[in-house]
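Printed here is my_file36.cif (mmCIF, C-alpha atoms):
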```cif
data_run
#
loop_
_atom_site.label_atom_id
_atom_site.label_comp_id
_atom_site.auth_asym_id
_atom_site.auth_seq_id
_atom_site.Cartn_x
_atom_site.Cartn_y
_atom_site.Cartn_z
CA MET A 1 4.63 12.68 8.61
CA ILE A 2 2.09 12.11 5.88
CA VAL A 3 4.35 9.58 4.17
CA ALA A 4 5.02 7.85 7.51
CA ALA A 5 1.27 7.55 8.16
CA GLN A 6 0.79 6.05 4.69
CA ARG A 7 3.62 3.53 5.17
CA SER A 8 2.60 2.19 8.53
CA ASP A 9 -0.47 0.74 10.15
CA ILE A 10 0.54 2.48 13.38
CA ARG A 11 -1.81 5.35 14.01
CA PHE A 12 -0.38 8.41 15.68
CA ARG A 13 -1.58 11.90 16.39
CA PRO A 14 0.92 14.61 15.47
CA VAL A 15 1.06 17.28 18.14
CA ILE A 16 2.50 20.51 16.76
CA VAL A 17 3.76 22.63 19.64
CA GLY A 18 4.10 26.27 18.70
CA PRO A 19 2.25 29.06 16.96
CA GLU A 20 -0.31 28.05 14.37
CA GLU A 21 1.18 30.62 11.97
CA GLY A 22 4.36 28.53 11.75
CA TYR A 23 2.36 25.39 11.06
CA ARG A 24 0.40 27.15 8.31
CA ALA A 25 3.61 28.58 6.81
CA SER A 26 5.05 25.05 6.60
CA GLY A 27 2.35 24.12 4.07
CA MET A 28 1.23 21.20 6.25
CA ALA A 29 -1.94 22.78 7.66
CA GLY A 30 -4.85 20.52 6.82
CA ALA A 31 -2.61 17.88 5.24
CA LEU A 32 -1.96 15.97 8.46
CA GLN A 33 -4.87 13.89 9.61
CA ASN A 34 -5.85 14.43 13.22
CA ALA A 35 -3.05 16.93 14.00
CA LEU A 36 -3.30 18.93 17.20
CA VAL A 37 -1.75 22.41 17.06
CA THR A 38 -1.26 23.62 20.62
CA GLY A 39 -0.15 27.18 20.02
CA TYR A 40 2.24 28.64 22.56
CA VAL A 41 2.99 26.27 25.47
CA PRO A 42 4.55 27.72 28.64
CA LYS A 43 8.01 26.26 29.19
CA GLU A 44 7.01 24.75 32.53
CA ASP A 45 4.43 22.61 30.66
CA LEU A 46 6.82 21.33 27.99
CA PRO A 47 8.24 18.41 30.05
CA ARG A 48 4.75 16.89 30.20
CA PHE A 49 4.54 16.98 26.40
CA TYR A 50 8.01 15.44 26.01
CA ARG A 51 7.38 12.68 28.57
CA ASN A 52 4.08 11.68 26.96
CA ALA A 53 5.24 11.73 23.35
CA ALA A 54 6.13 8.57 21.45
CA ALA A 55 8.86 10.64 19.79
CA PHE A 56 10.08 14.20 19.27
CA LEU A 57 10.60 15.25 15.65
CA SER A 58 12.75 18.26 14.81
CA VAL A 59 12.91 19.31 11.16
CA SER A 60 15.08 22.32 10.51
CA LEU A 61 17.17 23.75 7.69
CA TYR A 62 19.21 25.66 10.26
CA GLU A 63 19.26 25.42 14.02
CA GLY A 64 21.44 27.42 16.39
CA PHE A 65 21.75 25.20 19.44
CA GLY A 66 18.55 23.16 19.45
CA ILE A 67 17.31 23.70 22.99
CA PRO A 68 14.02 21.81 22.38
CA LEU A 69 16.06 18.77 21.29
CA ALA A 70 18.17 18.87 24.45
CA GLU A 71 15.01 19.32 26.54
CA ALA A 72 13.25 16.38 24.85
CA MET A 73 16.27 14.10 25.36
CA GLY A 74 16.46 15.22 29.00
CA CYS A 75 12.83 14.18 29.52
CA GLY A 76 13.47 10.72 28.09
CA CYS A 77 11.69 11.33 24.80
CA PRO A 78 13.10 9.43 21.80
CA CYS A 79 14.16 11.97 19.18
CA ILE A 80 14.25 12.05 15.38
CA ILE A 81 16.13 14.92 13.75
CA SER A 82 16.98 16.46 10.42
CA ASN A 83 20.54 17.28 9.47
CA GLY A 84 19.91 21.04 9.78
CA GLY A 85 22.43 23.16 11.64
CA SER A 86 23.64 21.90 14.99
CA LEU A 87 20.98 19.20 15.51
CA PRO A 88 23.22 16.21 14.66
CA GLU A 89 26.01 17.56 16.87
CA ILE A 90 23.60 18.11 19.77
CA ALA A 91 22.04 14.64 19.46
CA GLY A 92 25.24 12.70 18.89
CA SER A 93 24.24 9.04 18.55
CA ALA A 94 20.96 9.59 20.43
CA ALA A 95 18.74 10.21 17.38
CA PRO A 96 18.38 9.00 13.80
CA VAL A 97 19.22 11.77 11.31
CA PHE A 98 17.57 12.39 7.93
CA ASP A 99 18.11 15.00 5.25
CA CYS A 100 15.65 17.81 5.95
CA ARG A 101 14.57 17.83 2.29
CA ASP A 102 13.97 14.07 2.15
CA ALA A 103 10.36 13.15 3.02
CA GLU A 104 11.08 9.44 2.44
CA GLY A 105 14.04 9.50 4.84
CA MET A 106 11.98 11.28 7.47
CA ALA A 107 9.15 8.77 7.03
CA ASP A 108 11.56 5.82 7.39
CA ALA A 109 12.93 7.26 10.64
CA ILE A 110 9.46 7.94 12.06
CA VAL A 111 8.13 4.50 11.16
CA ARG A 112 11.15 2.73 12.65
CA VAL A 113 10.93 4.64 15.93
CA LEU A 114 7.17 4.07 16.22
CA GLN A 115 7.28 0.37 15.27
CA ASP A 116 10.48 -0.81 16.97
CA ALA A 117 10.01 -0.61 20.75
CA PRO A 118 13.54 -1.81 21.66
CA TYR A 119 15.05 0.79 19.30
CA ARG A 120 12.80 3.49 20.76
CA GLU A 121 13.92 2.51 24.28
CA GLU A 122 17.58 2.59 23.22
CA LEU A 123 17.10 6.09 21.79
CA ARG A 124 15.46 7.14 25.06
CA ARG A 125 18.45 5.87 27.08
CA ARG A 126 20.99 7.45 24.74
CA GLY A 127 19.11 10.75 24.85
CA LEU A 128 19.12 10.83 28.64
CA ARG A 129 22.87 10.19 28.69
CA ARG A 130 23.55 12.77 25.99
CA SER A 131 21.38 15.48 27.59
CA ALA A 132 23.34 15.15 30.84
CA GLU A 133 26.26 16.73 28.95
CA PHE A 134 24.30 19.98 28.52
CA SER A 135 24.04 21.33 32.07
CA TYR A 136 24.30 25.05 32.85
CA GLU A 137 27.61 24.33 34.58
CA VAL A 138 29.03 22.75 31.41
CA LEU A 139 27.64 25.63 29.34
CA ALA A 140 29.29 28.23 31.60
CA ARG A 141 32.61 26.37 31.62
CA GLU A 142 32.64 26.01 27.82
CA THR A 143 31.64 29.64 27.31
CA LEU A 144 34.50 30.76 29.57
CA ARG A 145 36.91 28.49 27.68
CA VAL A 146 35.88 30.04 24.34
CA TYR A 147 36.22 33.59 25.71
CA ARG A 148 39.70 32.78 27.01
CA GLU A 149 40.66 31.21 23.71
CA ILE A 150 39.47 34.27 21.79
CA ALA A 151 41.27 36.62 24.18
CA GLY A 152 44.44 34.52 23.94
CA SER A 153 44.54 34.16 27.70
CA GLU A 154 45.39 31.22 29.89
CA VAL A 155 43.72 32.85 32.94
#
```
Is it possible to express this structure as structure tokens?
Amino acid sequence: MIVAAQRSDIRFRPVIVGPEEGYRASGMAGALQNALVTGYVPKEDLPRFYRNAAAFLSVSLYEGFGIPLAEAMGCGCPCIISNGGSLPEIAGSAAPVFDCRDAEGMADAIVRVLQDAPYREELRRRGLRRSAEFSYEVLARETLRVYREIAGSEV
């Protein structure tokens, strides 16, 4: 985010949702100008954050499913993701992907999303379509399919 801020005249305020300990452990504490660290946010308040964000950034070396990504897409928030774990599979074509160890690649993705309004809108639309594929009904059906496959049953 620091590199993105240096590369662009667009001013943005990073909002770090989650415990401050995680932010400090990332080594970014104090390095980001004007960052707001919210601490824990109740899940019922998260949609407000997603809907009001210019973009959702997820940087991860490994991610199980990526529920925050699916939530952000479902709220119409344009997303930017690293290539860690399942994030690219979850996003499909709804988010630009960068190598999680590549600060320049992350900066390029952030700057493009913040500067290019039509691109940002396209990501928003793609994210809404993609998130519709992750309903609880689909999750239950797919879980049952996997269990049947493992058990070798056609029931």
Could you tell me which residues the PyMOL selection byres ((chain A and resi 41-57) around 7) returns for this structure, as a PDB file with C-alpha atoms, in the coordinates of the input?
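expr.pdb was written with the following content:
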```
ATOM      1  CA  VAL A  17       3.760  22.630  19.640  1.00  0.00           C
ATOM      2  CA  GLY A  18       4.100  26.270  18.700  1.00  0.00           C
ATOM      3  CA  THR A  38      -1.260  23.620  20.620  1.00  0.00           C
ATOM      4  CA  GLY A  39      -0.150  27.180  20.020  1.00  0.00           C
ATOM      5  CA  TYR A  40       2.240  28.640  22.560  1.00  0.00           C
ATOM      6  CA  SER A  58      12.750  18.260  14.810  1.00  0.00           C
ATOM      7  CA  VAL A  59      12.910  19.310  11.160  1.00  0.00           C
ATOM      8  CA  ALA A  72      13.250  16.380  24.850  1.00  0.00           C
ATOM      9  CA  CYS A  75      12.830  14.180  29.520  1.00  0.00           C
ATOM     10  CA  GLY A  76      13.470  10.720  28.090  1.00  0.00           C
ATOM     11  CA  CYS A  77      11.690  11.330  24.800  1.00  0.00           C
ATOM     12  CA  PRO A  78      13.100   9.430  21.800  1.00  0.00           C
ATOM     13  CA  CYS A  79      14.160  11.970  19.180  1.00  0.00           C
ATOM     14  CA  ILE A  80      14.250  12.050  15.380  1.00  0.00           C
ATOM     15  CA  ILE A  81      16.130  14.920  13.750  1.00  0.00           C
ATOM     16  CA  LEU A 114       7.170   4.070  16.220  1.00  0.00           C
TER      17      LEU A 114
END
```
Excluding Gly92 of chain A and any residue of its chain fewer than 6 positions from it, enumerate the residues within 12 Å of it, using only C-alpha atoms, and give them as a PyMOL selection string. chain A and resi 69-70+73+79-81+83+86+123+126-131+133
If you count only C-alpha atoms, which residues fall within 9 Å of Gly85 of chain A, apart from same-chain ones fewer than 4 positions away, as a VMD selection string? chain A and resid 60 to 66 89
From A:Arg24, A:Arg112, A:Arg120, A:Arg145, residue lying nearest Ala94 of chain A [all atoms listed in the file]: A:Arg120
Check the smallest atom-to-atom distance from each of A:Ile10, A:Arg124, A:Ile67, A:Val111 to Ser93 of chain A using all atoms listed in the file, then report the winner.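 Closest to Ser93 of chain A of all the choices is A:Arg124.
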Take atom CA of Tyr119 of chain A and atom CA of Met106 of chain A and report the distance between them in Å, one decimal.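 If I compute the distance from atom CA of Tyr119 of chain A to atom CA of Met106 of chain A, I get 16.1 Å.
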Need the neighbours of (19.4, 8.3, 10.1): which residues are at most 9 Å away, counting all atoms listed in the file, as an mmCIF file with C-alpha atoms, in the frame of the given file?
```cif
data_model
loop_
_atom_site.group_PDB
_atom_site.id
_atom_site.type_symbol
_atom_site.label_atom_id
_atom_site.label_comp_id
_atom_site.auth_asym_id
_atom_site.auth_seq_id
_atom_site.Cartn_x
_atom_site.Cartn_y
_atom_site.Cartn_z
ATOM 1 C CA ILE A 80 14.250 12.050 15.380
ATOM 2 C CA ILE A 81 16.130 14.920 13.750
ATOM 3 C CA SER A 82 16.980 16.460 10.420
ATOM 4 C CA ALA A 95 18.740 10.210 17.380
ATOM 5 C CA PRO A 96 18.380 9.000 13.800
ATOM 6 C CA VAL A 97 19.220 11.770 11.310
ATOM 7 C CA PHE A 98 17.570 12.390 7.930
ATOM 8 C CA ASP A 99 18.110 15.000 5.250
ATOM 9 C CA GLY A 105 14.040 9.500 4.840
ATOM 10 C CA MET A 106 11.980 11.280 7.470
ATOM 11 C CA ASP A 108 11.560 5.820 7.390
ATOM 12 C CA ALA A 109 12.930 7.260 10.640
#
```
May I have the centre and edge lengths, in Å to one decimal, of an axis-aligned box around the listed atoms of segment 136-144 of chain A with 3 Å added to every side, as lines of an AutoDock Vina configuration file?
```
center_x = 29.4
center_y = 26.8
center_z = 30.9
size_x = 16.2
size_y = 14.0
size_z = 13.3
```
Tell me, in Å to one decimal, how far atom CA of Glu121 of chain A is from atom CA of Leu36 of chain A. 24.8 Å
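If you look at atom CA of Arg101 of chain A and atom CA of Val37 of chain A, they are 22.5 Å away from each other.
Restricting the calculation to all atoms listed in the file, the smallest distance between Cys100 of chain A and any of A:Glu20, A:Glu142, A:Gly84, A:Gly74 is found for A:Gly84.
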How would segment 41-75 of chain A read, as a PDB file, in the coordinates of the input, once N, CA and C atoms are built in?
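This went into part18.pdb:
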```pdb
ATOM      1  N   VAL A  41       3.058  27.089  24.255  1.00  0.00           N
ATOM      2  CA  VAL A  41       2.990  26.270  25.470  1.00  0.00           C
ATOM      3  C   VAL A  41       4.013  26.834  26.452  1.00  0.00           C
ATOM      4  N   PRO A  42       3.587  27.211  27.650  1.00  0.00           N
ATOM      5  CA  PRO A  42       4.550  27.720  28.640  1.00  0.00           C
ATOM      6  C   PRO A  42       5.652  26.691  28.891  1.00  0.00           C
ATOM      7  N   LYS A  43       6.887  27.175  29.080  1.00  0.00           N
ATOM      8  CA  LYS A  43       8.010  26.260  29.190  1.00  0.00           C
ATOM      9  C   LYS A  43       7.877  25.286  30.365  1.00  0.00           C
ATOM     10  N   GLU A  44       7.174  25.685  31.410  1.00  0.00           N
ATOM     11  CA  GLU A  44       7.010  24.750  32.530  1.00  0.00           C
ATOM     12  C   GLU A  44       6.083  23.581  32.178  1.00  0.00           C
ATOM     13  N   ASP A  45       5.299  23.703  31.104  1.00  0.00           N
ATOM     14  CA  ASP A  45       4.430  22.610  30.660  1.00  0.00           C
ATOM     15  C   ASP A  45       5.075  21.691  29.637  1.00  0.00           C
ATOM     16  N   LEU A  46       6.185  22.122  29.045  1.00  0.00           N
ATOM     17  CA  LEU A  46       6.820  21.330  27.990  1.00  0.00           C
ATOM     18  C   LEU A  46       7.267  19.935  28.441  1.00  0.00           C
ATOM     19  N   PRO A  47       7.839  19.763  29.648  1.00  0.00           N
ATOM     20  CA  PRO A  47       8.240  18.410  30.050  1.00  0.00           C
ATOM     21  C   PRO A  47       7.110  17.392  29.985  1.00  0.00           C
ATOM     22  N   ARG A  48       5.900  17.812  30.278  1.00  0.00           N
ATOM     23  CA  ARG A  48       4.750  16.890  30.200  1.00  0.00           C
ATOM     24  C   ARG A  48       4.539  16.436  28.753  1.00  0.00           C
ATOM     25  N   PHE A  49       4.675  17.343  27.814  1.00  0.00           N
ATOM     26  CA  PHE A  49       4.540  16.980  26.400  1.00  0.00           C
ATOM     27  C   PHE A  49       5.647  15.997  26.003  1.00  0.00           C
ATOM     28  N   TYR A  50       6.891  16.316  26.364  1.00  0.00           N
ATOM     29  CA  TYR A  50       8.010  15.440  26.010  1.00  0.00           C
ATOM     30  C   TYR A  50       7.855  14.051  26.619  1.00  0.00           C
ATOM     31  N   ARG A  51       7.481  13.987  27.893  1.00  0.00           N
ATOM     32  CA  ARG A  51       7.380  12.680  28.570  1.00  0.00           C
ATOM     33  C   ARG A  51       6.252  11.822  28.015  1.00  0.00           C
ATOM     34  N   ASN A  52       5.224  12.441  27.464  1.00  0.00           N
ATOM     35  CA  ASN A  52       4.080  11.680  26.960  1.00  0.00           C
ATOM     36  C   ASN A  52       4.118  11.414  25.467  1.00  0.00           C
ATOM     37  N   ALA A  53       5.137  11.911  24.794  1.00  0.00           N
ATOM     38  CA  ALA A  53       5.240  11.730  23.350  1.00  0.00           C
ATOM     39  C   ALA A  53       5.907  10.392  23.018  1.00  0.00           C
ATOM     40  N   ALA A  54       5.459   9.773  21.943  1.00  0.00           N
ATOM     41  CA  ALA A  54       6.130   8.570  21.450  1.00  0.00           C
ATOM     42  C   ALA A  54       7.496   8.942  20.888  1.00  0.00           C
ATOM     43  N   ALA A  55       7.601  10.148  20.337  1.00  0.00           N
ATOM     44  CA  ALA A  55       8.860  10.640  19.790  1.00  0.00           C
ATOM     45  C   ALA A  55       8.780  12.150  19.591  1.00  0.00           C
ATOM     46  N   PHE A  56       9.942  12.779  19.553  1.00  0.00           N
ATOM     47  CA  PHE A  56      10.080  14.200  19.270  1.00  0.00           C
ATOM     48  C   PHE A  56      10.726  14.317  17.896  1.00  0.00           C
ATOM     49  N   LEU A  57      10.095  15.062  17.012  1.00  0.00           N
ATOM     50  CA  LEU A  57      10.600  15.250  15.650  1.00  0.00           C
ATOM     51  C   LEU A  57      11.017  16.695  15.481  1.00  0.00           C
ATOM     52  N   SER A  58      12.259  16.906  15.067  1.00  0.00           N
ATOM     53  CA  SER A  58      12.750  18.260  14.810  1.00  0.00           C
ATOM     54  C   SER A  58      13.245  18.324  13.370  1.00  0.00           C
ATOM     55  N   VAL A  59      12.554  19.127  12.569  1.00  0.00           N
ATOM     56  CA  VAL A  59      12.910  19.310  11.160  1.00  0.00           C
ATOM     57  C   VAL A  59      13.323  20.754  10.985  1.00  0.00           C
ATOM     58  N   SER A  60      14.580  20.963  10.618  1.00  0.00           N
ATOM     59  CA  SER A  60      15.080  22.320  10.510  1.00  0.00           C
ATOM     60  C   SER A  60      16.143  22.406   9.433  1.00  0.00           C
ATOM     61  N   LEU A  61      16.099  23.484   8.651  1.00  0.00           N
ATOM     62  CA  LEU A  61      17.170  23.750   7.690  1.00  0.00           C
ATOM     63  C   LEU A  61      18.381  24.302   8.429  1.00  0.00           C
ATOM     64  N   TYR A  62      18.133  25.100   9.457  1.00  0.00           N
ATOM     65  CA  TYR A  62      19.210  25.660  10.260  1.00  0.00           C
ATOM     66  C   TYR A  62      18.733  25.744  11.694  1.00  0.00           C
ATOM     67  N   GLU A  63      19.585  25.376  12.596  1.00  0.00           N
ATOM     68  CA  GLU A  63      19.260  25.420  14.020  1.00  0.00           C
ATOM     69  C   GLU A  63      20.490  25.925  14.754  1.00  0.00           C
ATOM     70  N   GLY A  64      20.320  26.912  15.611  1.00  0.00           N
ATOM     71  CA  GLY A  64      21.440  27.420  16.390  1.00  0.00           C
ATOM     72  C   GLY A  64      21.951  26.373  17.340  1.00  0.00           C
ATOM     73  N   PHE A  65      21.327  26.227  18.482  1.00  0.00           N
ATOM     74  CA  PHE A  65      21.750  25.200  19.440  1.00  0.00           C
ATOM     75  C   PHE A  65      20.772  24.039  19.483  1.00  0.00           C
ATOM     76  N   GLY A  66      19.507  24.250  19.378  1.00  0.00           N
ATOM     77  CA  GLY A  66      18.550  23.160  19.450  1.00  0.00           C
ATOM     78  C   GLY A  66      18.108  22.856  20.869  1.00  0.00           C
ATOM     79  N   ILE A  67      17.737  23.886  21.604  1.00  0.00           N
ATOM     80  CA  ILE A  67      17.310  23.700  22.990  1.00  0.00           C
ATOM     81  C   ILE A  67      16.140  22.719  23.105  1.00  0.00           C
ATOM     82  N   PRO A  68      15.108  22.796  22.242  1.00  0.00           N
ATOM     83  CA  PRO A  68      14.020  21.810  22.380  1.00  0.00           C
ATOM     84  C   PRO A  68      14.510  20.360  22.251  1.00  0.00           C
ATOM     85  N   LEU A  69      15.498  20.118  21.412  1.00  0.00           N
ATOM     86  CA  LEU A  69      16.060  18.770  21.290  1.00  0.00           C
ATOM     87  C   LEU A  69      16.707  18.335  22.594  1.00  0.00           C
ATOM     88  N   ALA A  70      17.527  19.198  23.181  1.00  0.00           N
ATOM     89  CA  ALA A  70      18.170  18.870  24.450  1.00  0.00           C
ATOM     90  C   ALA A  70      17.127  18.652  25.553  1.00  0.00           C
ATOM     91  N   GLU A  71      16.077  19.475  25.549  1.00  0.00           N
ATOM     92  CA  GLU A  71      15.010  19.320  26.540  1.00  0.00           C
ATOM     93  C   GLU A  71      14.291  17.979  26.358  1.00  0.00           C
ATOM     94  N   ALA A  72      13.956  17.638  25.119  1.00  0.00           N
ATOM     95  CA  ALA A  72      13.250  16.380  24.850  1.00  0.00           C
ATOM     96  C   ALA A  72      14.097  15.187  25.293  1.00  0.00           C
ATOM     97  N   MET A  73      15.387  15.204  24.934  1.00  0.00           N
ATOM     98  CA  MET A  73      16.270  14.100  25.360  1.00  0.00           C
ATOM     99  C   MET A  73      16.316  14.027  26.878  1.00  0.00           C
ATOM    100  N   GLY A  74      16.389  15.185  27.544  1.00  0.00           N
ATOM    101  CA  GLY A  74      16.460  15.220  29.000  1.00  0.00           C
ATOM    102  C   GLY A  74      15.208  14.700  29.682  1.00  0.00           C
ATOM    103  N   CYS A  75      14.091  14.712  28.973  1.00  0.00           N
ATOM    104  CA  CYS A  75      12.830  14.180  29.520  1.00  0.00           C
ATOM    105  C   CYS A  75      12.612  12.721  29.135  1.00  0.00           C
TER     106      CYS A  75
END
```
